[in-house]
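Undergrad: Input start31.txt, format and content: compact mmCIF, C-alpha atoms and all ligand atoms.
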```txt
# COMPACT_ATOMS: atom_id res chain seq x y z
CA MET Q 25 23.15 -9.53 11.43
CA HIS Q 26 20.92 -6.43 11.31
CA LYS Q 27 17.94 -6.22 8.97
CA LEU Q 28 15.77 -3.36 7.75
CA VAL Q 29 12.58 -3.37 5.70
CA LEU Q 30 11.68 -0.44 3.46
CA ILE Q 31 8.41 -0.07 1.64
CA ARG Q 32 7.30 2.51 -0.89
CA HIS Q 33 3.65 3.47 -0.36
CA GLY Q 34 0.95 1.72 -2.40
CA GLU Q 35 -0.43 3.29 -5.56
CA SER Q 36 -1.69 6.83 -4.93
CA THR Q 37 -4.41 8.74 -6.79
CA TRP Q 38 -1.74 10.79 -8.56
CA ASN Q 39 0.31 7.69 -9.40
CA LEU Q 40 -2.85 6.42 -11.12
CA GLU Q 41 -3.32 9.75 -12.94
CA ASN Q 42 0.42 9.81 -13.74
CA ARG Q 43 0.91 13.22 -12.12
CA PHE Q 44 4.06 14.54 -10.44
CA THR Q 45 3.25 14.42 -6.73
CA GLY Q 46 6.19 15.38 -4.51
CA TRP Q 47 4.96 16.96 -1.28
CA THR Q 48 1.30 17.04 -2.39
CA ASP Q 49 -0.61 14.99 0.18
CA VAL Q 50 -2.72 12.61 -1.93
CA ASP Q 51 -4.56 9.44 -0.87
CA LEU Q 52 -4.01 5.81 -1.75
CA THR Q 53 -6.23 4.28 -4.45
CA PRO Q 54 -8.10 1.01 -3.74
CA THR Q 55 -5.22 -0.73 -5.58
CA GLY Q 56 -2.76 1.03 -3.29
CA VAL Q 57 -4.67 -0.18 -0.24
CA SER Q 58 -4.63 -3.75 -1.62
CA GLN Q 59 -0.89 -3.53 -2.25
CA ALA Q 60 -0.30 -2.41 1.35
CA ILE Q 61 -2.50 -5.19 2.74
CA ALA Q 62 -0.70 -7.76 0.56
CA ALA Q 63 2.67 -6.47 1.78
CA GLY Q 64 1.56 -6.80 5.40
CA ARG Q 65 0.30 -10.32 4.76
CA LEU Q 66 3.58 -11.30 3.09
CA LEU Q 67 5.62 -9.92 6.00
CA ARG Q 68 3.41 -11.72 8.51
CA ASP Q 69 3.43 -15.01 6.59
CA GLU Q 70 7.22 -14.90 6.26
CA GLY Q 71 7.59 -14.39 10.00
CA TRP Q 72 8.82 -10.78 10.02
CA ASP Q 73 8.33 -8.64 13.10
CA PHE Q 74 9.32 -5.09 14.02
CA ASP Q 75 9.97 -2.93 17.08
CA LEU Q 76 9.92 0.56 15.58
CA CYS Q 77 8.51 2.18 12.43
CA PHE Q 78 9.40 5.36 10.58
CA THR Q 79 7.37 7.17 7.98
CA SER Q 80 6.96 10.57 6.36
CA VAL Q 81 4.31 13.19 7.14
CA LEU Q 82 2.43 12.34 3.92
CA LYS Q 83 -0.68 10.19 4.19
CA ARG Q 84 0.05 7.83 1.31
CA ALA Q 85 3.05 6.54 3.29
CA ILE Q 86 1.31 6.78 6.68
CA HIS Q 87 -1.77 4.88 5.49
CA THR Q 88 0.40 2.25 3.80
CA LEU Q 89 2.12 1.69 7.13
CA TRP Q 90 -1.27 1.44 8.89
CA TYR Q 91 -2.49 -1.26 6.49
CA VAL Q 92 0.78 -3.19 6.73
CA LEU Q 93 0.76 -3.06 10.54
CA ASP Q 94 -2.92 -3.92 10.74
CA GLU Q 95 -2.35 -7.03 8.65
CA MET Q 96 0.52 -7.97 11.00
CA ASP Q 97 -1.57 -7.20 14.11
CA ARG Q 98 1.07 -4.64 15.08
CA THR Q 99 -0.84 -1.33 15.00
CA TRP Q 100 0.40 -0.76 18.56
CA LEU Q 101 4.02 -0.38 17.46
CA PRO Q 102 5.69 3.02 17.93
CA VAL Q 103 5.70 5.08 14.73
CA VAL Q 104 7.95 8.09 14.20
CA LYS Q 105 6.82 10.50 11.49
CA ASP Q 106 9.34 12.91 10.05
CA TRP Q 107 9.25 15.30 7.08
CA ARG Q 108 12.78 14.24 6.14
CA LEU Q 109 11.36 10.97 4.80
CA ASN Q 110 8.94 12.86 2.53
CA GLU Q 111 8.98 12.36 -1.21
CA ARG Q 112 11.44 14.53 -3.14
CA HIS Q 113 9.78 17.95 -3.68
CA TYR Q 114 8.80 18.20 -7.34
CA GLY Q 115 8.59 22.01 -7.48
CA ALA Q 116 6.48 23.53 -10.24
CA LEU Q 117 5.94 20.08 -11.80
CA GLN Q 118 3.68 19.06 -8.89
CA GLY Q 119 0.22 18.30 -10.27
CA LEU Q 120 1.31 18.08 -13.92
CA ASN Q 121 0.99 14.91 -15.99
CA LYS Q 122 4.31 13.13 -16.68
CA ALA Q 123 3.42 11.99 -20.22
CA ASP Q 124 2.12 15.49 -21.09
CA MET Q 125 5.42 16.95 -19.89
CA ALA Q 126 7.32 14.40 -22.01
CA ARG Q 127 5.31 15.45 -25.07
CA GLN Q 128 5.91 19.13 -24.30
CA TYR Q 129 9.58 19.09 -23.22
CA GLY Q 130 10.80 15.72 -24.53
CA GLU Q 131 11.40 12.41 -22.76
CA GLN Q 132 15.06 13.25 -22.15
CA GLN Q 133 14.17 16.40 -20.19
CA VAL Q 134 11.57 14.51 -18.15
CA LEU Q 135 14.14 11.77 -17.44
CA LEU Q 136 16.54 14.46 -16.17
CA TRP Q 137 13.86 15.93 -13.93
CA ARG Q 138 12.74 12.54 -12.65
CA ARG Q 139 15.94 10.59 -12.27
CA SER Q 140 19.09 12.71 -12.56
CA TYR Q 141 21.05 13.30 -9.39
CA ASP Q 142 21.45 17.05 -9.54
CA VAL Q 143 19.00 18.64 -12.00
CA PRO Q 144 16.09 20.11 -10.01
CA PRO Q 145 12.66 20.64 -11.57
CA PRO Q 146 11.59 24.30 -11.98
CA ALA Q 147 10.95 25.83 -8.53
CA LEU Q 148 7.63 26.98 -7.12
CA THR Q 149 7.42 30.63 -6.14
CA PRO Q 150 7.22 31.00 -2.31
CA ASP Q 151 3.55 32.08 -2.47
CA ASP Q 152 2.40 29.36 -4.90
CA PRO Q 153 -0.70 27.66 -3.42
CA ARG Q 154 0.87 24.29 -4.35
CA GLY Q 155 3.70 25.03 -1.89
CA GLN Q 156 3.92 24.05 1.79
CA ARG Q 157 5.10 27.25 3.45
CA HIS Q 158 1.69 27.77 5.07
CA ASP Q 159 1.11 24.13 5.94
CA ARG Q 160 0.93 23.69 9.73
CA ARG Q 161 2.78 20.35 9.68
CA TYR Q 162 5.94 22.22 8.65
CA ALA Q 163 5.48 25.17 11.02
CA HIS Q 164 8.46 24.09 13.15
CA LEU Q 165 10.80 24.57 10.17
CA ALA Q 166 12.40 27.78 9.02
CA PRO Q 167 10.75 28.87 5.74
CA GLU Q 168 13.97 28.26 3.82
CA GLN Q 169 14.02 24.64 5.04
CA ILE Q 170 10.71 24.03 3.25
CA PRO Q 171 11.77 23.30 -0.33
CA LEU Q 172 10.39 25.01 -3.41
CA THR Q 173 11.93 22.23 -5.50
CA GLU Q 174 14.49 19.46 -4.95
CA CYS Q 175 16.80 17.34 -7.05
CA LEU Q 176 17.74 13.93 -5.64
CA LYS Q 177 20.93 15.45 -4.23
CA ASP Q 178 18.79 17.78 -2.09
CA THR Q 179 16.70 14.83 -0.92
CA VAL Q 180 19.87 12.91 0.00
CA ALA Q 181 20.95 15.98 2.02
CA ARG Q 182 17.95 15.61 4.34
CA VAL Q 183 17.37 11.83 4.28
CA VAL Q 184 20.95 10.82 5.12
CA PRO Q 185 21.29 13.03 8.24
CA TYR Q 186 17.96 11.61 9.43
CA TRP Q 187 19.22 8.10 8.78
CA ASN Q 188 22.39 8.84 10.75
CA GLU Q 189 20.62 10.60 13.65
CA ALA Q 190 17.49 8.53 14.12
CA ILE Q 191 17.24 5.35 12.10
CA ALA Q 192 20.76 3.88 12.09
CA PRO Q 193 21.16 4.20 15.90
CA ALA Q 194 17.86 2.37 16.41
CA ILE Q 195 18.97 -0.48 14.14
CA ARG Q 196 22.42 -0.62 15.80
CA SER Q 197 20.75 -0.90 19.21
CA GLY Q 198 19.01 -4.07 17.99
CA GLN Q 199 15.57 -2.69 17.11
CA ARG Q 200 13.86 -4.21 14.08
CA VAL Q 201 12.91 -1.25 11.91
CA LEU Q 202 10.28 -0.82 9.20
CA ILE Q 203 10.27 2.34 7.05
CA SER Q 204 7.29 3.36 4.91
CA ALA Q 205 8.38 6.11 2.53
CA HIS Q 206 8.45 7.25 -1.10
CA GLY Q 207 10.09 6.41 -4.42
CA ASN Q 208 12.71 9.13 -4.26
CA SER Q 209 13.33 9.26 -0.51
CA ILE Q 210 14.00 5.50 -0.76
CA ARG Q 211 16.24 6.06 -3.82
CA ALA Q 212 18.15 8.66 -1.78
CA LEU Q 213 18.70 6.18 1.05
CA ILE Q 214 19.70 3.33 -1.29
CA LYS Q 215 22.15 5.63 -3.08
CA HIS Q 216 23.78 6.38 0.25
CA LEU Q 217 23.75 2.84 1.65
CA ASP Q 218 24.96 1.09 -1.49
CA GLY Q 219 27.26 3.88 -2.71
CA ILE Q 220 25.50 4.07 -6.09
CA SER Q 221 27.14 6.57 -8.45
CA ASP Q 222 25.43 9.77 -9.61
CA THR Q 223 25.05 8.27 -13.09
CA ASP Q 224 23.88 4.79 -12.12
CA ILE Q 225 21.17 6.11 -9.80
CA VAL Q 226 19.27 7.22 -12.95
CA ASN Q 227 18.34 3.57 -13.56
CA LEU Q 228 16.94 2.82 -10.10
CA ASN Q 229 13.14 2.75 -9.81
CA ILE Q 230 11.13 1.60 -6.80
CA PRO Q 231 7.80 -0.25 -7.19
CA ASN Q 232 4.76 0.57 -5.04
CA GLY Q 233 4.00 -1.54 -2.00
CA VAL Q 234 6.73 -4.20 -2.23
CA PRO Q 235 8.81 -4.81 0.93
CA LEU Q 236 12.52 -4.27 0.28
CA VAL Q 237 14.88 -5.99 2.71
CA TYR Q 238 18.39 -4.84 3.63
CA GLU Q 239 20.79 -7.10 5.47
CA PHE Q 240 23.70 -5.37 7.23
CA ASP Q 241 26.84 -6.48 9.02
CA ALA Q 242 27.50 -5.35 12.61
CA GLU Q 243 28.89 -2.02 11.34
CA LEU Q 244 25.71 -1.46 9.32
CA ARG Q 245 27.46 -2.04 6.03
CA PRO Q 246 24.96 -3.49 3.53
CA LEU Q 247 25.46 -7.17 2.71
CA ARG Q 248 22.54 -7.47 0.31
CA ARG Q 249 19.17 -6.04 -0.62
CA TYR Q 250 16.22 -7.88 -2.14
CA TYR Q 251 12.47 -7.61 -2.67
CA LEU Q 252 10.24 -9.97 -0.71
CA GLY Q 253 7.83 -12.11 -2.69
CA ASP Q 254 7.86 -12.40 -6.47
CA ALA Q 255 11.17 -10.82 -7.57
CA ALA Q 256 10.22 -10.84 -11.26
CA ALA Q 257 6.95 -9.03 -10.49
CA ALA Q 258 8.86 -6.42 -8.46
CA GLU Q 259 11.28 -5.89 -11.38
CA ALA Q 260 8.38 -5.54 -13.82
CA ALA Q 261 6.66 -3.02 -11.52
CA ALA Q 262 9.90 -1.00 -11.23
CA ALA Q 263 10.21 -1.00 -15.05
CA ALA Q 264 6.63 0.29 -15.28
CA VAL Q 265 7.56 3.16 -12.95
CA ALA Q 266 10.45 4.03 -15.30
CA ARG Q 267 8.02 4.17 -18.25
CA GLN Q 268 5.76 6.73 -16.58
CA GLY Q 269 7.93 9.47 -18.06
CA ARG Q 270 7.32 8.44 -21.67
CA ALA Q 271 5.37 10.63 -24.09
O1 LIG W 301 5.58 12.10 -8.56
C1 LIG W 301 6.32 11.77 -7.62
O2 LIG W 301 6.34 12.36 -6.54
C2 LIG W 301 7.25 10.58 -7.80
C3 LIG W 301 6.72 9.34 -7.16
O3 LIG W 301 5.41 9.06 -7.51
O4 LIG W 301 7.35 10.34 -9.17
P1 LIG W 301 8.62 9.88 -9.98
O5 LIG W 301 8.57 8.39 -10.07
O6 LIG W 301 8.36 10.52 -11.33
O7 LIG W 301 9.86 10.41 -9.34
```
Please express what this file holds, its structure, as structure tokens.
TA:
Amino acid sequence: MHKLVLIRHGESTWNLENRFTGWTDVDLTPTGVSQAIAAGRLLRDEGWDFDLCFTSVLKRAIHTLWYVLDEMDRTWLPVVKDWRLNERHYGALQGLNKADMARQYGEQQVLLWRRSYDVPPPALTPDDPRGQRHDRRYAHLAPEQIPLTECLKDTVARVVPYWNEAIAPAIRSGQRVLISAHGNSIRALIKHLDGISDTDIVNLNIPNGVPLVYEFDAELRPLRRYYLGDAAAAEAAAAAVARQGRA
């Protein structure tokens, strides 16, 4: 049986301030660091080990991975960083407060922007300083590959090819893989792996810093997925994420 562990980064400064983040490269808070350390300790104590790690090019996910690996005494493991695991790009919402937006546009509109499959937030203009077209880490991409906004469908369209090209082959070859990523890049992958419908995906929220285990059969078909540790606490934390879009 193949296994995979996914972890959403620990709490970030903009999670704490309840701001739309997307591709903005914000730090972990002290709580976020503690969550990552606790996740690493849990993995170590439960006897997990890995051969290869994947993360995004955003430091909240990279640092989470560092803390997890440090706790496991595995900072020497190979780590592949790829922009295709980045958070969903939140367009012109990046930097704005989620509750303020709910008061201004209504909770239903914010729910559509946050959780619908195919409604993108308003786009940035190409020269908006909040955009990434002049960011050196994306210089290898064509400008039109660097999003100005994304709905979840757009995120699926980059995460799934990366899964198929890089991650799935590693797991099939017997490597034990750990992925540190983001709420919506993880939702994109779960949607694909578990065949979740466009309507049901609205209800899926991912808590910060809790290891999520997938078990697969030999063909990499999912058998089950579950959170490590206190399942009720993970559910409560996911419900709190859902509430971030309330007025
Ligand atoms: O702001 C973001 O980038 C994401 C994750 O923090 O938020 P949401 O849960 O609203 O999709």
Undergrad: Taking 4 positions as the minimum chain separation for residues in the same chain, which residues sit within 10 Å of stretch 54-59 of chain Q when counting only C-alpha atoms? Answer as a PyMOL selection string.
TA: chain Q and resi 33-37+39-40+63-65+84+87-88+90-92+232-234
Undergrad: Give the residue list for ligand LIG 301 (chain W) at 7 Å, counting only C-alpha atoms and all ligand atoms, as a PyMOL selection string, sorted by chain and then by residue number.
TA: chain Q and resi 39+43-46+111-112+114+138-139+206-208+265+268-269
Undergrad: For Q:Ala205, please output as a ChimeraX atom specification all residues within 6 Å (counting all atoms listed in the file; exclusion window: fewer than 2 positions along the same chain).
TA: /Q:32,79,85
Undergrad: How about saving the chosen residues, C-alpha atoms kept, as a CSV table (one decimal), in the frame of the given file?
TA:
```csv
chain,number,residue,atom,x,y,z
Q,32,ARG,CA,7.3,2.5,-0.9
Q,79,THR,CA,7.4,7.2,8.0
Q,85,ALA,CA,3.0,6.5,3.3
```
Undergrad: Please identify all polymer residues lying at most 12 Å from the point (9.2, 13.0, 15.0) (file coordinates), using only C-alpha atoms, and present the result as number ranges by chain.
TA: Q: 77-81, 102-109, 161-162, 164, 186, 189-191
Undergrad: Can you pull out the residues contacting Q:Leu76? Cut-off 12 Å, using all atoms listed in the file, and skip same-chain residues under 2 positions away; I want them as an MDAnalysis selection string.
TA: chainID Q and resid 28:29 73:74 78:79 89 93 98:105 190:195 197:204
Undergrad: For the selection you just gave me, I'd like the residues written to a file as an mmCIF file, keeping the file's coordinate frame, keeping C-alpha atoms.
TA:
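This is the output file part.cif:
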```cif
data_model
loop_
_atom_site.group_PDB
_atom_site.id
_atom_site.type_symbol
_atom_site.label_atom_id
_atom_site.label_comp_id
_atom_site.auth_asym_id
_atom_site.auth_seq_id
_atom_site.Cartn_x
_atom_site.Cartn_y
_atom_site.Cartn_z
ATOM 1 C CA LEU Q 28 15.770 -3.360 7.750
ATOM 2 C CA VAL Q 29 12.580 -3.370 5.700
ATOM 3 C CA ASP Q 73 8.330 -8.640 13.100
ATOM 4 C CA PHE Q 74 9.320 -5.090 14.020
ATOM 5 C CA PHE Q 78 9.400 5.360 10.580
ATOM 6 C CA THR Q 79 7.370 7.170 7.980
ATOM 7 C CA LEU Q 89 2.120 1.690 7.130
ATOM 8 C CA LEU Q 93 0.760 -3.060 10.540
ATOM 9 C CA ARG Q 98 1.070 -4.640 15.080
ATOM 10 C CA THR Q 99 -0.840 -1.330 15.000
ATOM 11 C CA TRP Q 100 0.400 -0.760 18.560
ATOM 12 C CA LEU Q 101 4.020 -0.380 17.460
ATOM 13 C CA PRO Q 102 5.690 3.020 17.930
ATOM 14 C CA VAL Q 103 5.700 5.080 14.730
ATOM 15 C CA VAL Q 104 7.950 8.090 14.200
ATOM 16 C CA LYS Q 105 6.820 10.500 11.490
ATOM 17 C CA ALA Q 190 17.490 8.530 14.120
ATOM 18 C CA ILE Q 191 17.240 5.350 12.100
ATOM 19 C CA ALA Q 192 20.760 3.880 12.090
ATOM 20 C CA PRO Q 193 21.160 4.200 15.900
ATOM 21 C CA ALA Q 194 17.860 2.370 16.410
ATOM 22 C CA ILE Q 195 18.970 -0.480 14.140
ATOM 23 C CA SER Q 197 20.750 -0.900 19.210
ATOM 24 C CA GLY Q 198 19.010 -4.070 17.990
ATOM 25 C CA GLN Q 199 15.570 -2.690 17.110
ATOM 26 C CA ARG Q 200 13.860 -4.210 14.080
ATOM 27 C CA VAL Q 201 12.910 -1.250 11.910
ATOM 28 C CA LEU Q 202 10.280 -0.820 9.200
ATOM 29 C CA ILE Q 203 10.270 2.340 7.050
ATOM 30 C CA SER Q 204 7.290 3.360 4.910
#
```
Undergrad: Could you name the residues that touch Q:Arg267 at 12 Å or less, counting only C-alpha atoms, but leaving out those on the same chain fewer than 2 positions away, as number ranges by chain?
TA: Q: 42, 122-123, 126, 131, 134-135, 138-139, 227, 229, 231, 260-265, 269-271
Undergrad: I'd like the interatomic distance between atom CA of Q:Val237 and atom CA of Q:Leu67, to a tenth of an Å.
TA: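 We find that atom CA of Q:Val237 and atom CA of Q:Leu67 lie 10.6 Å from each other.
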Undergrad: Let me know the centre plus edge lengths, in Å and rounded to one decimal, of a box with edges along x, y and z that contains all listed atoms of stretch 238-256 of chain Q and is padded by 6 Å on every side, as AutoDock Vina command-line options.
TA:
```
--center_x 18.4 --center_y -6.9 --center_z 0.7 --size_x 33.1 --size_y 22.9 --size_z 35.9
```
Undergrad: Using all atoms listed in the file, pick whichever of Q:Ala116, Q:Leu252, Q:Ala266, Q:Leu82 has the shortest atom-to-atom distance to Q:Pro146.
TA: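 Among Q:Ala116, Q:Leu252, Q:Ala266, Q:Leu82, it is Q:Ala116 that comes nearest to Q:Pro146.
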Undergrad: Just checking: using all atoms listed in the file, which residue out of Q:Thr173, Q:Asn110, Q:Asn188, Q:Ser221 ends up closest to Q:Trp137?
TA: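 Of Q:Thr173, Q:Asn110, Q:Asn188, Q:Ser221, the one nearest Q:Trp137, counting all atoms listed in the file, is Q:Thr173.
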Undergrad: What does the distance between atom CA of Q:Arg68 and atom CA of Q:Gly253 come to in Å, to one decimal place?
TA: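 Interatomic distance, atom CA of Q:Arg68 to atom CA of Q:Gly253: 12.0 Å.
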Undergrad: If you measure from atom CA of Q:Met125 to atom CA of Q:Val226, what distance in Å do you get, rounded to one decimal?
TA: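 One can read the atom CA of Q:Met125 to atom CA of Q:Val226 distance as 18.3 Å.
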Undergrad: Calculated over all atoms listed in the file, which of the candidates Q:Asp49, Q:Val143, Q:Arg196, Q:Trp38 has the smallest distance to Q:Ala242?
TA: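 Smallest separation from Q:Ala242 among the options: Q:Arg196.
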Undergrad: Which one of Q:Ile31, Q:Ala258, Q:Glu70, Q:Gln169 sits closest to Q:Arg211 if you count all atoms listed in the file?
TA: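 Among the listed residues, Q:Ile31 lies closest to Q:Arg211.
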Undergrad: Find the residue from Q:Pro246, Q:Pro235, Q:Pro145, Q:Pro185 that sits nearest to Q:Asp218; use only C-alpha atoms when measuring.
TA: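 Result for the nearest residue to Q:Asp218: Q:Pro246.
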Undergrad: Of the candidates Q:Arg182, Q:Arg157, Q:Asp75, Q:Lys83, which one gets nearest to Q:Asp51 if we count only C-alpha atoms?
TA: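 The answer is Q:Lys83, which sits nearest to Q:Asp51.
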Undergrad: If you count all atoms listed in the file, which residues fall within 12 Å of Q:Asp152, apart from same-chain ones fewer than 2 positions away, as an NGL selection string?
TA: :Q and (115-116 or 118 or 147-150 or 154-158 or 172-173)
